[in-house]
Amino acid sequence: VKPGEILATMRQAQLSHYARPAWLSRWMQDIRYLPLVILIPVFIITMILILAGTFTLADFSMPDGPVNYGEFFPHGWLNGSFTFLFVLSAIAGINGISRYWKNMKSLHEDNSAWQRLKFRNFWQVIRKIMVHRDFNSCKEQKGRSLAHLLVFWGFILLLFVTFFAILSTIFFEYPLTFLNPVKIAGNLGALLLLAGTTLMILHRLSKKNRLESRYGDWFFLVSFWLLTLSGLLVEGARFLEWSFAYHFYFVHLVLVWIIILYIPYTKFAHFLYRITALIFLKRKHG
């Protein structure tokens with residue numbers, strides 16, 4: 001048994017144990033549930049569009065005229081549903097991390113040192129992650145360091161741009177122009193994320209690592225890759241006035257929901273658990 005297989009099994013067991021509801025974690029590890037995993041966001045988004053009055057099952061018609069995604073999915077409905085989904089996912093993630101933290105505390109004999117969380121400990125861990133210090137110190141992982149850095153900073157940029165876009169629909173002019181600094185940052189983040197996930201996919205497709213990759217790893221990675229690619233296509237479709245722009249947009253929305261809704265039950269959650277464990281160790285050793 002290879003170390004990678006052992007670590008993958010441990011990650012899966014960790015998520016299954018701490019994540020709630022636990023059955024969602026099992027879904028993320030079993031390809032048989034993939035149709036359900038996709039159909040849930042498809043159904044919810046379709047119902048929102050019907051309630052918003054911009055889509056009917058009778059004719060499947062799309063808005064006429066220049067491409068304006070706000071006419072297909074009104075910003076109020078989009079922002080409201082996105083915020084609700086994000087909060088729901090955050091609650092699920094925090095619940096799992098809280099259970100993990102309490103379990104670590106219960107296994108430590110002296111709990112007096114854990115009564116207060118120090119910002120210094122948190123910042124030390126975040127700083128280490130930002131530069132991927134552990135990857136660079138390991139010869140076997142150096143080849144993956146670039147991919148992880150690209151994904152990390154691409155994700156951070158896109159997260160910032162997403163929240164700015166939500167605020168823009170309320171307080172500023174939206175959609176943003178192509179040369180808007182925030183739009184440029186978003187495109188840069190998308191390219192970083194696409195490049196990073198592509199490198200990760202190529203790495204996993206290599207003969208050496210193919211057997212160590214599991215469905216759960218592929219689900220998260222490919223979902224992120226498709227999300228980024230679809231986002232770029234959606235942007236291009238709007239500027240180039242493609243006739244099937246709204247179809248791309250619908251697929252992109254489904255992928256957004258898949259990522260946010262299931263993120264506490266995927267490999268990304270393991271990243272959050274790892275941060276929690278590192279903070280715990282920092283508190284222990286100072």
# chains A, B, ... in the order shown; residues from 1 in each chain; ligands from 1

$ residues_around --residues "Ser89 in chain A" --least-positions-apart "4" --cutoff "9 Å" --atoms "only C-alpha atoms" --output "list in words"
Phe84, Leu85, Gly93, Ile94, Ile260, Leu261, Tyr262, Ile263 and Pro264 of chain A

$ residues_around --residues "Tyr18 in chain A" --least-positions-apart "3" --cutoff "7 Å" --atoms "only C-alpha atoms" --output "ChimeraX atom specification"
/A:14-15,96,99-100

$ residues_around --residues "range 20-35 of chain A" --least-positions-apart "6" --cutoff "7 Å" --atoms "only C-alpha atoms" --output "PyMOL selection string"
chain A and resi 92+96+215-216+265-266

$ atom_distance --atom1 "CA of Leu150 in chain A" --atom2 "CA of Leu191 in chain A"
8.8 Å

$ residues_around --residues "range 173-189 of chain A" --least-positions-apart "3" --cutoff "12 Å" --atoms "only C-alpha atoms" --output "PyMOL selection string"
chain A and resi 67-70+75+149-170+192-196+228-229+231-236+238-240
